[in-house]
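Undergrad: Hey, dropping run.csv in here, CSV, C-alpha atoms and all ligand atoms:
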```csv
chain,number,residue,atom,x,y,z
A,1,MET,CA,-31.3,0.7,5.1
A,2,SER,CA,-30.2,-0.7,8.4
A,3,LYS,CA,-27.7,-3.3,7.4
A,4,ASN,CA,-24.1,-2.8,8.6
A,5,ILE,CA,-22.4,-4.9,6.0
A,6,PHE,CA,-22.5,-4.8,2.2
A,7,ASP,CA,-21.3,-7.9,0.5
A,8,SER,CA,-21.3,-8.3,-3.3
A,9,GLY,CA,-19.2,-11.5,-3.3
A,10,SER,CA,-16.0,-9.7,-4.3
A,11,ILE,CA,-16.4,-6.5,-2.3
A,12,ARG,CA,-17.4,-6.1,1.4
A,13,ILE,CA,-18.0,-2.8,3.1
A,14,TYR,CA,-18.5,-2.6,6.9
A,15,HIS,CA,-20.1,0.1,8.9
A,16,GLY,CA,-18.0,1.0,11.9
A,17,ASP,CA,-14.4,1.7,13.1
A,18,ALA,CA,-11.9,-0.1,10.9
A,19,LEU,CA,-10.0,-1.1,14.1
A,20,ASN,CA,-12.7,-3.5,14.9
A,21,PHE,CA,-12.4,-5.4,11.6
A,22,TYR,CA,-8.8,-5.9,10.7
A,23,ASN,CA,-8.5,-9.2,12.7
A,24,ASN,CA,-11.1,-10.8,10.5
A,25,TRP,CA,-9.9,-9.5,7.2
A,26,ASP,CA,-7.6,-11.7,5.0
A,27,ASP,CA,-4.1,-10.4,4.4
A,28,PRO,CA,-4.0,-7.5,2.0
A,29,THR,CA,-1.9,-7.0,-1.2
A,30,VAL,CA,-2.9,-3.3,-1.3
A,31,ILE,CA,-3.9,-1.0,1.5
A,32,ILE,CA,-5.3,2.4,0.5
A,33,SER,CA,-5.3,4.7,3.5
A,34,ASP,CA,-7.3,7.9,3.0
A,35,GLY,CA,-8.2,8.8,6.6
A,36,PRO,CA,-7.9,11.9,8.7
A,37,TYR,CA,-5.8,14.8,7.3
A,38,GLY,CA,-6.0,17.2,10.3
A,39,ILE,CA,-7.8,19.9,8.3
A,40,SER,CA,-11.4,19.5,9.5
A,41,GLY,CA,-12.0,18.1,6.0
A,42,PHE,CA,-15.0,15.9,6.9
A,43,PRO,CA,-16.9,15.0,10.1
A,44,GLY,CA,-14.4,13.6,12.6
A,45,ASP,CA,-11.3,15.0,10.8
A,46,PRO,CA,-9.3,16.8,13.5
A,47,PRO,CA,-8.7,20.5,13.1
A,48,SER,CA,-4.9,20.2,13.1
A,49,HIS,CA,-2.1,17.7,12.3
A,50,ASP,CA,-1.1,17.7,15.9
A,51,GLY,CA,-2.0,14.3,17.2
A,52,LEU,CA,-2.3,12.6,13.8
A,53,ALA,CA,0.6,10.3,14.5
A,54,GLU,CA,-1.1,9.0,17.7
A,55,TRP,CA,-4.4,8.7,15.9
A,56,TYR,CA,-2.9,6.6,13.1
A,57,GLU,CA,-0.6,4.4,15.2
A,58,PRO,CA,-3.0,1.6,16.2
A,59,HIS,CA,-4.1,1.3,12.6
A,60,ILE,CA,-0.5,1.2,11.3
A,61,LYS,CA,0.4,-1.4,13.9
A,62,LYS,CA,-2.4,-3.6,12.7
A,63,TRP,CA,-1.6,-3.1,9.1
A,64,SER,CA,2.0,-4.2,9.8
A,65,GLU,CA,0.8,-7.3,11.6
A,66,LYS,CA,-1.6,-8.3,8.7
A,67,SER,CA,0.7,-7.4,5.8
A,68,THR,CA,3.1,-9.7,3.9
A,69,PRO,CA,6.2,-8.8,1.9
A,70,GLU,CA,3.9,-8.6,-1.2
A,71,THR,CA,1.9,-5.7,0.4
A,72,THR,CA,2.0,-2.1,-0.8
A,73,LEU,CA,0.4,0.7,1.3
A,74,TRP,CA,-0.6,4.0,-0.2
A,75,PHE,CA,-1.0,6.8,2.3
A,76,TRP,CA,-3.0,9.8,1.2
A,77,ASN,CA,-2.5,13.0,3.2
A,78,THR,CA,-1.4,16.6,3.2
A,79,GLU,CA,2.4,17.2,3.1
A,80,VAL,CA,2.6,18.1,6.8
A,81,GLY,CA,0.2,15.4,7.8
A,82,TRP,CA,2.4,12.8,6.1
A,83,ALA,CA,5.5,14.3,7.7
A,84,THR,CA,3.9,13.9,11.1
A,85,VAL,CA,2.9,10.3,10.6
A,86,HIS,CA,6.0,9.0,8.6
A,87,PRO,CA,8.0,8.1,11.8
A,88,ILE,CA,5.2,5.8,12.9
A,89,PHE,CA,5.4,3.9,9.6
A,90,ILE,CA,9.1,3.4,10.1
A,91,LYS,CA,8.6,2.4,13.7
A,92,HIS,CA,6.3,-0.4,12.6
A,93,GLY,CA,8.5,-1.8,9.9
A,94,TRP,CA,7.3,0.0,6.7
A,95,LYS,CA,9.8,1.1,4.2
A,96,TYR,CA,9.4,4.3,2.3
A,97,ARG,CA,9.3,3.9,-1.5
A,98,CYS,CA,8.1,7.1,-3.1
A,99,CYS,CA,6.1,10.2,-2.5
A,100,HIS,CA,3.6,11.1,-5.3
A,101,ILE,CA,2.1,14.5,-5.6
A,102,TRP,CA,-1.5,14.9,-6.7
A,103,ASP,CA,-1.5,18.3,-8.5
A,104,LYS,CA,-5.2,19.3,-8.8
A,105,GLY,CA,-4.4,22.5,-10.8
A,106,MET,CA,-5.6,26.0,-10.5
A,107,GLY,CA,-9.2,24.8,-10.9
A,108,HIS,CA,-9.1,23.7,-7.3
A,109,VAL,CA,-8.7,27.3,-6.0
A,110,ALA,CA,-10.1,29.4,-8.9
A,111,GLY,CA,-12.2,32.2,-7.6
A,112,ASN,CA,-11.4,31.5,-4.0
A,113,VAL,CA,-8.1,33.3,-3.5
A,114,ASN,CA,-8.0,36.8,-2.0
A,115,GLY,CA,-4.3,37.8,-2.6
A,116,LYS,CA,-4.6,40.7,0.0
A,117,SER,CA,-5.4,38.4,2.9
A,118,MET,CA,-3.3,35.4,1.9
A,119,ARG,CA,0.0,34.9,3.7
A,120,LYS,CA,1.0,31.8,1.6
A,121,LEU,CA,0.5,30.5,-1.9
A,122,PRO,CA,-2.7,28.5,-2.6
A,123,VAL,CA,-2.3,24.8,-2.0
A,124,VAL,CA,-3.5,22.5,-4.8
A,125,THR,CA,-1.8,19.3,-3.9
A,126,GLU,CA,-2.1,16.2,-1.7
A,127,VAL,CA,0.4,13.4,-1.4
A,128,CYS,CA,0.0,9.7,-1.9
A,129,VAL,CA,3.0,8.0,-0.3
A,130,GLN,CA,4.0,4.4,-1.2
A,131,TYR,CA,5.3,2.2,1.6
A,132,VAL,CA,6.2,-1.5,1.4
A,133,LYS,CA,6.5,-4.1,4.1
A,134,GLU,CA,9.9,-5.6,3.8
A,135,PRO,CA,10.5,-9.0,5.2
A,136,SER,CA,12.8,-9.5,8.2
A,137,PHE,CA,14.5,-12.7,9.2
A,138,ASP,CA,15.0,-13.8,12.8
A,139,VAL,CA,18.5,-15.2,13.3
A,140,ASP,CA,20.0,-15.9,16.7
A,141,GLY,CA,17.6,-13.4,18.4
A,142,LYS,CA,18.4,-10.7,15.9
A,143,SER,CA,16.2,-9.4,13.1
A,144,LEU,CA,18.0,-9.2,9.8
A,145,SER,CA,17.0,-7.3,6.7
A,146,MET,CA,16.9,-9.2,3.4
A,147,LYS,CA,20.3,-7.7,2.4
A,148,GLU,CA,21.8,-8.8,5.7
A,149,TRP,CA,20.2,-12.3,5.6
A,150,LEU,CA,21.5,-13.1,2.1
A,151,ARG,CA,25.1,-12.3,3.1
A,152,TYR,CA,24.6,-14.2,6.4
A,153,GLU,CA,23.3,-17.3,4.7
A,154,TRP,CA,26.0,-17.3,2.0
A,155,ALA,CA,28.8,-16.8,4.6
A,156,ARG,CA,27.5,-19.8,6.5
A,157,THR,CA,28.1,-22.0,3.4
A,158,GLY,CA,31.8,-21.4,3.6
A,159,ILE,CA,31.9,-20.7,-0.1
A,160,PRO,CA,33.7,-17.5,-1.1
A,161,PHE,CA,31.4,-14.6,-2.1
A,162,SER,CA,33.3,-14.2,-5.4
A,163,LYS,CA,31.8,-17.6,-6.4
A,164,THR,CA,28.3,-16.2,-6.6
A,165,ASN,CA,29.2,-14.5,-9.9
A,166,GLU,CA,30.0,-17.9,-11.5
A,167,VAL,CA,26.9,-19.5,-9.9
A,168,CYS,CA,24.7,-16.8,-11.5
A,169,GLY,CA,26.6,-16.9,-14.8
A,170,VAL,CA,27.8,-13.2,-14.7
A,171,ILE,CA,31.2,-11.6,-14.5
A,172,ASP,CA,30.9,-9.6,-11.3
A,173,ALA,CA,27.2,-8.6,-11.0
A,174,ALA,CA,26.1,-11.0,-8.4
A,175,THR,CA,28.6,-10.0,-5.7
A,176,ARG,CA,28.3,-6.4,-6.6
A,177,LYS,CA,24.5,-6.3,-6.5
A,178,TYR,CA,23.0,-9.1,-4.5
A,179,PHE,CA,25.6,-9.5,-1.8
A,180,THR,CA,26.9,-6.0,-1.4
A,181,LYS,CA,26.6,-4.2,2.0
A,182,CYS,CA,26.2,-0.8,0.4
A,183,HIS,CA,23.2,1.1,-1.0
A,184,LEU,CA,23.7,-0.4,-4.4
A,185,TRP,CA,22.2,-3.6,-3.1
A,186,TYR,CA,19.6,-5.1,-5.4
A,187,PHE,CA,16.9,-7.8,-4.8
A,188,PRO,CA,18.1,-11.0,-6.6
A,189,PRO,CA,15.6,-11.9,-9.3
A,190,ALA,CA,14.0,-15.3,-8.8
A,191,GLU,CA,16.2,-17.0,-11.4
A,192,ALA,CA,19.4,-15.7,-9.7
A,193,PHE,CA,18.1,-16.6,-6.3
A,194,GLU,CA,17.3,-20.2,-7.4
A,195,LYS,CA,20.8,-20.6,-8.8
A,196,ILE,CA,22.4,-19.2,-5.6
A,197,GLN,CA,20.2,-21.4,-3.3
A,198,LYS,CA,20.8,-24.6,-5.3
A,199,HIS,CA,24.5,-24.1,-5.3
A,200,ALA,CA,24.6,-23.3,-1.6
A,201,ASN,CA,22.6,-26.4,-0.7
A,202,THR,CA,24.7,-28.6,-3.0
A,203,HIS,CA,28.2,-27.3,-2.3
A,204,GLY,CA,27.9,-25.5,1.1
A,205,LYS,CA,29.1,-27.1,4.3
A,206,ILE,CA,26.9,-30.1,5.0
A,207,ALA,CA,26.4,-29.3,8.7
A,208,GLY,CA,24.8,-26.0,7.9
A,209,ARG,CA,22.2,-27.1,5.4
A,210,PRO,CA,19.5,-26.1,4.5
A,211,TYR,CA,20.7,-22.7,3.4
A,212,PHE,CA,18.3,-19.9,2.4
A,213,SER,CA,15.5,-21.5,4.4
A,214,ILE,CA,12.9,-19.8,6.6
A,215,ASP,CA,11.5,-22.9,8.3
A,216,GLY,CA,15.0,-24.6,8.8
A,217,LYS,CA,13.6,-27.6,6.9
A,218,LYS,CA,13.8,-26.7,3.2
A,219,PRO,CA,15.2,-23.9,1.2
A,220,LEU,CA,12.9,-21.2,-0.3
A,221,SER,CA,11.7,-22.1,-3.8
A,222,LYS,CA,11.8,-19.8,-6.8
A,223,GLN,CA,8.0,-19.3,-6.4
A,224,GLU,CA,8.3,-18.5,-2.7
A,225,TRP,CA,11.2,-16.1,-3.4
A,226,GLU,CA,9.0,-14.2,-5.9
A,227,LYS,CA,6.5,-13.5,-3.0
A,228,MET,CA,9.2,-11.9,-0.9
A,229,ARG,CA,8.7,-8.4,-2.2
A,230,ALA,CA,5.9,-6.0,-3.0
A,231,LYS,CA,4.2,-6.4,-6.3
A,232,PHE,CA,4.9,-3.6,-8.8
A,233,ASN,CA,3.6,-3.4,-12.3
A,234,PHE,CA,5.5,-0.5,-13.9
A,235,ILE,CA,3.5,1.8,-16.1
A,236,HIS,CA,5.5,3.7,-18.7
A,237,GLY,CA,5.0,7.5,-19.0
A,238,VAL,CA,3.7,7.9,-15.4
A,239,THR,CA,5.9,9.9,-12.9
A,240,ASN,CA,5.5,10.8,-9.2
A,241,VAL,CA,3.5,14.0,-10.2
A,242,TRP,CA,-0.1,13.2,-11.0
A,243,THR,CA,-1.9,16.0,-12.8
A,244,GLU,CA,-5.6,15.4,-12.3
A,245,PRO,CA,-8.4,17.9,-11.5
A,246,PRO,CA,-10.5,17.4,-8.4
A,247,VAL,CA,-13.4,15.0,-9.0
A,248,ASN,CA,-16.2,16.7,-10.8
A,249,GLY,CA,-19.0,16.2,-13.4
A,250,LYS,CA,-20.7,12.8,-13.4
A,251,GLU,CA,-18.1,11.2,-11.2
A,252,ARG,CA,-18.8,13.5,-8.3
A,253,LEU,CA,-21.5,12.0,-6.0
A,254,LYS,CA,-24.0,14.7,-5.1
A,255,ASN,CA,-27.1,15.2,-2.9
A,256,GLY,CA,-28.9,17.7,-5.0
A,257,LEU,CA,-26.3,20.4,-5.8
A,258,LYS,CA,-24.1,19.5,-2.8
A,259,SER,CA,-21.2,17.1,-2.9
A,260,ILE,CA,-21.8,14.2,-0.6
A,261,HIS,CA,-18.1,13.9,0.4
A,262,LEU,CA,-15.5,16.6,0.0
A,263,ASN,CA,-12.7,14.0,-0.1
A,264,GLN,CA,-13.9,11.8,-2.9
A,265,LYS,CA,-10.8,10.6,-4.7
A,266,PRO,CA,-10.5,10.4,-8.5
A,267,LEU,CA,-11.3,7.0,-9.8
A,268,ARG,CA,-8.5,7.2,-12.4
A,269,LEU,CA,-5.8,7.7,-9.8
A,270,THR,CA,-7.3,5.1,-7.5
A,271,LYS,CA,-7.4,2.5,-10.3
A,272,MET,CA,-3.8,3.4,-11.2
A,273,ILE,CA,-2.4,2.7,-7.7
A,274,ILE,CA,-4.3,-0.6,-7.5
A,275,GLU,CA,-3.0,-1.6,-11.0
A,276,LEU,CA,0.6,-0.7,-10.0
A,277,SER,CA,0.6,-2.8,-6.9
A,278,SER,CA,-1.6,-5.9,-7.4
A,279,ASP,CA,-2.8,-8.5,-9.8
A,280,LYS,CA,-6.3,-9.8,-10.6
A,281,SER,CA,-8.1,-11.5,-7.5
A,282,ASP,CA,-5.7,-9.8,-5.0
A,283,LEU,CA,-7.2,-8.2,-2.0
A,284,VAL,CA,-7.5,-4.4,-1.6
A,285,TRP,CA,-8.1,-2.9,1.9
A,286,GLU,CA,-9.7,0.5,2.2
A,287,PRO,CA,-10.0,1.1,6.0
A,288,PHE,CA,-11.3,4.7,5.7
A,289,GLY,CA,-13.8,4.1,3.0
A,290,GLY,CA,-15.7,7.4,2.6
A,291,LEU,CA,-17.5,6.8,-0.7
A,292,CYS,CA,-15.3,3.7,-1.2
A,293,THR,CA,-13.7,4.8,-4.5
A,294,GLY,CA,-11.1,2.1,-3.8
A,295,MET,CA,-13.8,-0.6,-3.8
A,296,VAL,CA,-15.3,0.8,-7.0
A,297,ALA,CA,-11.8,0.6,-8.6
A,298,ALA,CA,-11.1,-2.8,-7.2
A,299,GLU,CA,-14.3,-4.2,-8.5
A,300,SER,CA,-13.8,-2.8,-12.0
A,301,LEU,CA,-10.2,-4.2,-12.1
A,302,GLY,CA,-11.2,-7.8,-11.0
A,303,ARG,CA,-9.7,-7.4,-7.5
A,304,HIS,CA,-11.4,-8.3,-4.2
A,305,GLY,CA,-11.9,-5.6,-1.6
A,306,VAL,CA,-12.8,-4.9,2.0
A,307,ALA,CA,-13.6,-1.5,3.4
A,308,ALA,CA,-14.8,0.2,6.5
A,309,GLU,CA,-16.7,3.5,7.0
A,310,ILE,CA,-17.5,4.9,10.4
A,311,ASN,CA,-20.2,7.4,9.5
A,312,LYS,CA,-23.5,5.7,8.9
A,313,GLU,CA,-24.8,8.1,6.3
A,314,ILE,CA,-21.6,8.0,4.3
A,315,PHE,CA,-21.5,4.2,4.6
A,316,GLU,CA,-25.0,4.1,3.1
A,317,HIS,CA,-24.0,6.3,0.2
A,318,ALA,CA,-21.0,4.1,-0.5
A,319,VAL,CA,-23.2,1.0,-0.4
A,320,ASN,CA,-25.6,2.6,-2.9
A,321,ARG,CA,-22.6,3.5,-5.1
A,322,LEU,CA,-21.4,-0.1,-5.1
A,323,GLU,CA,-24.8,-1.5,-5.7
A,324,ASP,CA,-25.1,0.7,-8.8
A,325,ILE,CA,-21.8,-0.4,-10.2
A,326,SER,CA,-22.5,-4.1,-9.4
A,327,ILE,CA,-25.6,-3.7,-11.6
A,328,GLU,CA,-23.4,-2.2,-14.4
A,329,VAL,CA,-20.7,-4.9,-14.3
A,330,PRO,CA,-21.7,-7.6,-16.7
A,331,LEU,CA,-22.0,-11.1,-15.1
A,332,PRO,CA,-19.6,-13.7,-16.3
A,333,LEU,CA,-21.0,-16.0,-19.0
A,401,LIG,C1,-10.8,11.1,3.4
A,401,LIG,S1,-12.3,10.3,3.6
A,401,LIG,C2,-12.1,8.9,2.4
A,401,LIG,C3,-12.6,9.3,1.0
A,401,LIG,C4,-12.6,8.2,0.1
A,401,LIG,N1,-11.2,7.9,-0.3
A,401,LIG,C5,-13.4,8.4,-1.2
A,401,LIG,O1,-12.9,8.5,-2.3
A,401,LIG,O2,-14.6,8.6,-1.0
A,401,LIG,C6,-12.0,9.5,5.1
A,401,LIG,C7,-13.2,8.7,5.6
A,401,LIG,O3,-12.8,7.9,6.7
A,401,LIG,C8,-13.9,7.7,7.7
A,401,LIG,N2,-13.3,7.3,8.9
A,401,LIG,C9,-12.6,8.1,9.8
A,401,LIG,N3,-12.1,7.3,10.9
A,401,LIG,C10,-12.5,6.0,10.6
A,401,LIG,C11,-12.3,4.8,11.2
A,401,LIG,N4,-11.7,4.7,12.4
A,401,LIG,N5,-12.9,3.7,10.7
A,401,LIG,C12,-13.6,3.8,9.5
A,401,LIG,N6,-13.8,4.9,8.8
A,401,LIG,C13,-13.2,6.0,9.4
A,401,LIG,C14,-14.5,9.1,7.7
A,401,LIG,O4,-15.8,9.1,8.1
A,401,LIG,C15,-14.3,9.6,6.2
A,401,LIG,O5,-15.5,9.3,5.5
```
Let me see the structure of the file written as structure tokens.
Ligand SMILES: C[S@@+](CC[C@H](N)C(=O)[O-])C[C@H]1O[C@@H](n2cnc3c(N)ncnc32)[C@H](O)[C@@H]1O
TA:
Amino acid sequence: MSKNIFDSGSIRIYHGDALNFYNNWDDPTVIISDGPYGISGFPGDPPSHDGLAEWYEPHIKKWSEKSTPETTLWFWNTEVGWATVHPIFIKHGWKYRCCHIWDKGMGHVAGNVNGKSMRKLPVVTEVCVQYVKEPSFDVDGKSLSMKEWLRYEWARTGIPFSKTNEVCGVIDAATRKYFTKCHLWYFPPAEAFEKIQKHANTHGKIAGRPYFSIDGKKPLSKQEWEKMRAKFNFIHGVTNVWTEPPVNGKERLKNGLKSIHLNQKPLRLTKMIIELSSDKSDLVWEPFGGLCTGMVAAESLGRHGVAAEINKEIFEHAVNRLEDISIEVPLPL
């Protein structure tokens, strides 16, 4: 095979450095980052976490530029790798949501531990950290968070803050949640936002209208407001600790007896993070494809996907994998 792009219609995989492709990819709803760990885990993975932050920064910068408030980013790494890179996410406008622990269980180290020479306990975990891209609002040369912008806009109307309760039809929840300055602040649901916006634009000072507008021409609609935060489809019974053995059996891609890629991620966990953070037809990015488990999951869940893989041999294995599942996925009638 000599082609550098695989395209199934819904999934595209590129051979090369992901940095060369971001500009041409549509905006993502989900980004799954499973790149270098700093443990020499695969060809090209640096031997230590020193320098990981610098390595990731150009990628994180591009992800920030191309993401929207609906985007969720899942960052797989070791605990210390993540700790090293976390400040770069913050620097580029990502907000930390949750750290998930993949507990691979004793099966991951069984038979490989020599207690006499070990100076630490065996590690059977990786982290998968959820970040969201919160919107910021440019006002008078300053960048305001959503919490600040809501207060700023309501203050401009000249209507007292206490009035928001009546507008939303609640006793004291609206001022306490949607307009508080403290950590108890809560994103107004679309219905509440619509009531707030309509009241402001009907009763607020005429000179300042429109209120709650981004383009200065018309206020945000209920539908536009719904797109102002990352998608999240809660799954009952799932916590931030994911107990799942390393990939094995039929799922593990092998060349003879040898695993093709030591970092192949479990399909079940990959599907779960995509389901949590997107809907059908949304776009999933997998910049460090490996065997492109994210693309396999995206395809099976009716999402679109784009991926990159820098290593030609691995790219070709990923393409074969996607070609196989494309054959298995029934064509629409
Ligand atoms: C941890 S593995 C991904 C494993 C994948 N999640 C899976 O389930 O198969 C990381 C992959 O990223 C690739 N890679 C590293 N740097 C890259 C870059 N700049 N652009 C594209 N791929 C890259 C490596 O060759 C490696 O195969």
Undergrad: Is it possible to get the residues within 10 Å of (-16.6, -1.2, -6.3) (coordinates as in the file, counting all atoms listed in the file) written as a JSON list (two decimals) with C-alpha atoms, keeping the file's coordinate frame?
TA:
```
[["chain", "number", "residue", "atom", "x", "y", "z"],
["A", 8, "SER", "CA", -21.30, -8.30, -3.30],
["A", 10, "SER", "CA", -16.00, -9.70, -4.30],
["A", 11, "ILE", "CA", -16.40, -6.50, -2.30],
["A", 12, "ARG", "CA", -17.40, -6.10, 1.40],
["A", 13, "ILE", "CA", -18.00, -2.80, 3.10],
["A", 291, "LEU", "CA", -17.50, 6.80, -0.70],
["A", 292, "CYS", "CA", -15.30, 3.70, -1.20],
["A", 293, "THR", "CA", -13.70, 4.80, -4.50],
["A", 294, "GLY", "CA", -11.10, 2.10, -3.80],
["A", 295, "MET", "CA", -13.80, -0.60, -3.80],
["A", 296, "VAL", "CA", -15.30, 0.80, -7.00],
["A", 297, "ALA", "CA", -11.80, 0.60, -8.60],
["A", 298, "ALA", "CA", -11.10, -2.80, -7.20],
["A", 299, "GLU", "CA", -14.30, -4.20, -8.50],
["A", 300, "SER", "CA", -13.80, -2.80, -12.00],
["A", 301, "LEU", "CA", -10.20, -4.20, -12.10],
["A", 302, "GLY", "CA", -11.20, -7.80, -11.00],
["A", 303, "ARG", "CA", -9.70, -7.40, -7.50],
["A", 304, "HIS", "CA", -11.40, -8.30, -4.20],
["A", 305, "GLY", "CA", -11.90, -5.60, -1.60],
["A", 306, "VAL", "CA", -12.80, -4.90, 2.00],
["A", 318, "ALA", "CA", -21.00, 4.10, -0.50],
["A", 319, "VAL", "CA", -23.20, 1.00, -0.40],
["A", 321, "ARG", "CA", -22.60, 3.50, -5.10],
["A", 322, "LEU", "CA", -21.40, -0.10, -5.10],
["A", 323, "GLU", "CA", -24.80, -1.50, -5.70],
["A", 324, "ASP", "CA", -25.10, 0.70, -8.80],
["A", 325, "ILE", "CA", -21.80, -0.40, -10.20],
["A", 326, "SER", "CA", -22.50, -4.10, -9.40],
["A", 329, "VAL", "CA", -20.70, -4.90, -14.30]]
```
Undergrad: Please, which residues have at least one atom within 6 Å of an atom of ligand LIG 401 (chain A), using all atoms listed in the file, listed as a list in words?
TA: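 Going residue by residue within 6 Å of ligand LIG 401 (chain A), we get Gly16, Asp17, Ala18, Asp34, Gly35, Pro36, Asn263, Gln264, Lys265, Pro287, Phe288, Gly289, Gly290, Leu291, Cys292, Thr293, Ala308, Glu309, Ile310 and Asn311 of chain A.
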Undergrad: Which is closer to Thr243 of chain A than all the others in A:Ser259, A:Ser143, A:Ser221, A:Thr125, using all atoms listed in the file?
TA: A:Thr125
Undergrad: Which residue out of A:Pro189, A:Met146, A:Lys195, A:Lys104 has the minimum interatomic distance to Gly169 of chain A when all atoms listed in the file are used?
TA: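 Smallest distance to Gly169 of chain A is found for A:Lys195.
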Undergrad: From the list A:Ile314, A:Ala307, A:Met118, A:Pro188, which residue is nearest Asn24 of chain A when using only C-alpha atoms?
TA: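 The closest residue to Asn24 of chain A is A:Ala307.
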Undergrad: Residues near segment 54-65 of chain A, anyone? I mean within 8 Å using all atoms listed in the file, not counting same-chain ones fewer than 5 positions away, as a PDB file with C-alpha atoms, in the frame of the given file.
TA:
```
ATOM      1  CA  LEU A  19     -10.000  -1.100  14.100  1.00  0.00           C
ATOM      2  CA  TYR A  22      -8.800  -5.900  10.700  1.00  0.00           C
ATOM      3  CA  VAL A  85       2.900  10.300  10.600  1.00  0.00           C
ATOM      4  CA  ILE A  88       5.200   5.800  12.900  1.00  0.00           C
ATOM      5  CA  PHE A  89       5.400   3.900   9.600  1.00  0.00           C
ATOM      6  CA  HIS A  92       6.300  -0.400  12.600  1.00  0.00           C
ATOM      7  CA  GLY A  93       8.500  -1.800   9.900  1.00  0.00           C
ATOM      8  CA  TRP A  94       7.300   0.000   6.700  1.00  0.00           C
ATOM      9  CA  LYS A 133       6.500  -4.100   4.100  1.00  0.00           C
TER      10      LYS A 133
END
```
Undergrad: Rank nothing, just name the residue among A:Tyr186, A:Trp225, A:Trp154, A:Tyr211 nearest to Pro135 of chain A, using all atoms listed in the file.
TA: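 So, comparing all the options, the nearest one is A:Trp225.
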Undergrad: I need the residue nearest Val132 of chain A from this list: A:Arg229, A:Arg176, A:Lys250, A:His203. Use all atoms listed in the file for the distance.
TA: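 Once distances to Val132 of chain A are computed over all atoms listed in the file, the minimum belongs to A:Arg229.
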Undergrad: Between A:Thr71, A:Gly51, A:Pro246, A:Val139, which residue has the minimum interatomic distance to Asp279 of chain A, considering only C-alpha atoms?
TA: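 So, comparing all the options, the nearest one is A:Thr71.
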Undergrad: Could you please determine the separation between atom CA of Trp74 of chain A and atom CA of Tyr131 of chain A in Å, to one decimal place?
TA: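 These atoms are spaced 6.4 Å apart.
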Undergrad: So what do you get for atom CA of Asn165 of chain A versus atom CA of Tyr152 of chain A, distance-wise?
TA: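 Distance between the two atoms: 16.9 Å.
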Undergrad: Would you mind reading off the distance between atom CA of Ile260 of chain A and atom CA of Thr72 of chain A, one decimal, in Å?
TA: 28.8 Å
Undergrad: Tell me, as a ChimeraX atom specification, which residues lie within 12 Å of Cys182 of chain A, counting all atoms listed in the file; anything in the same chain fewer than 6 positions away does not count.
TA: /A:147-148,151,175-176
Undergrad: Assuming 4 Å of padding per side, give the centre and edge lengths of the axis-aligned box around every listed atom of segment 241-260 of chain A, in Å to one decimal and as AutoDock Vina command-line options.
TA:
```
--center_x -12.7 --center_y 15.8 --center_z -7.0 --size_x 40.4 --size_y 17.2 --size_z 20.8
```
Undergrad: Identify, on the basis of all atoms listed in the file, every residue whose closest approach to Asp27 of chain A does not exceed 8 Å; exclude the query and any residue fewer than 6 positions from it along the same chain; express the result as a ChimeraX atom specification.
TA: /A:66-68,283
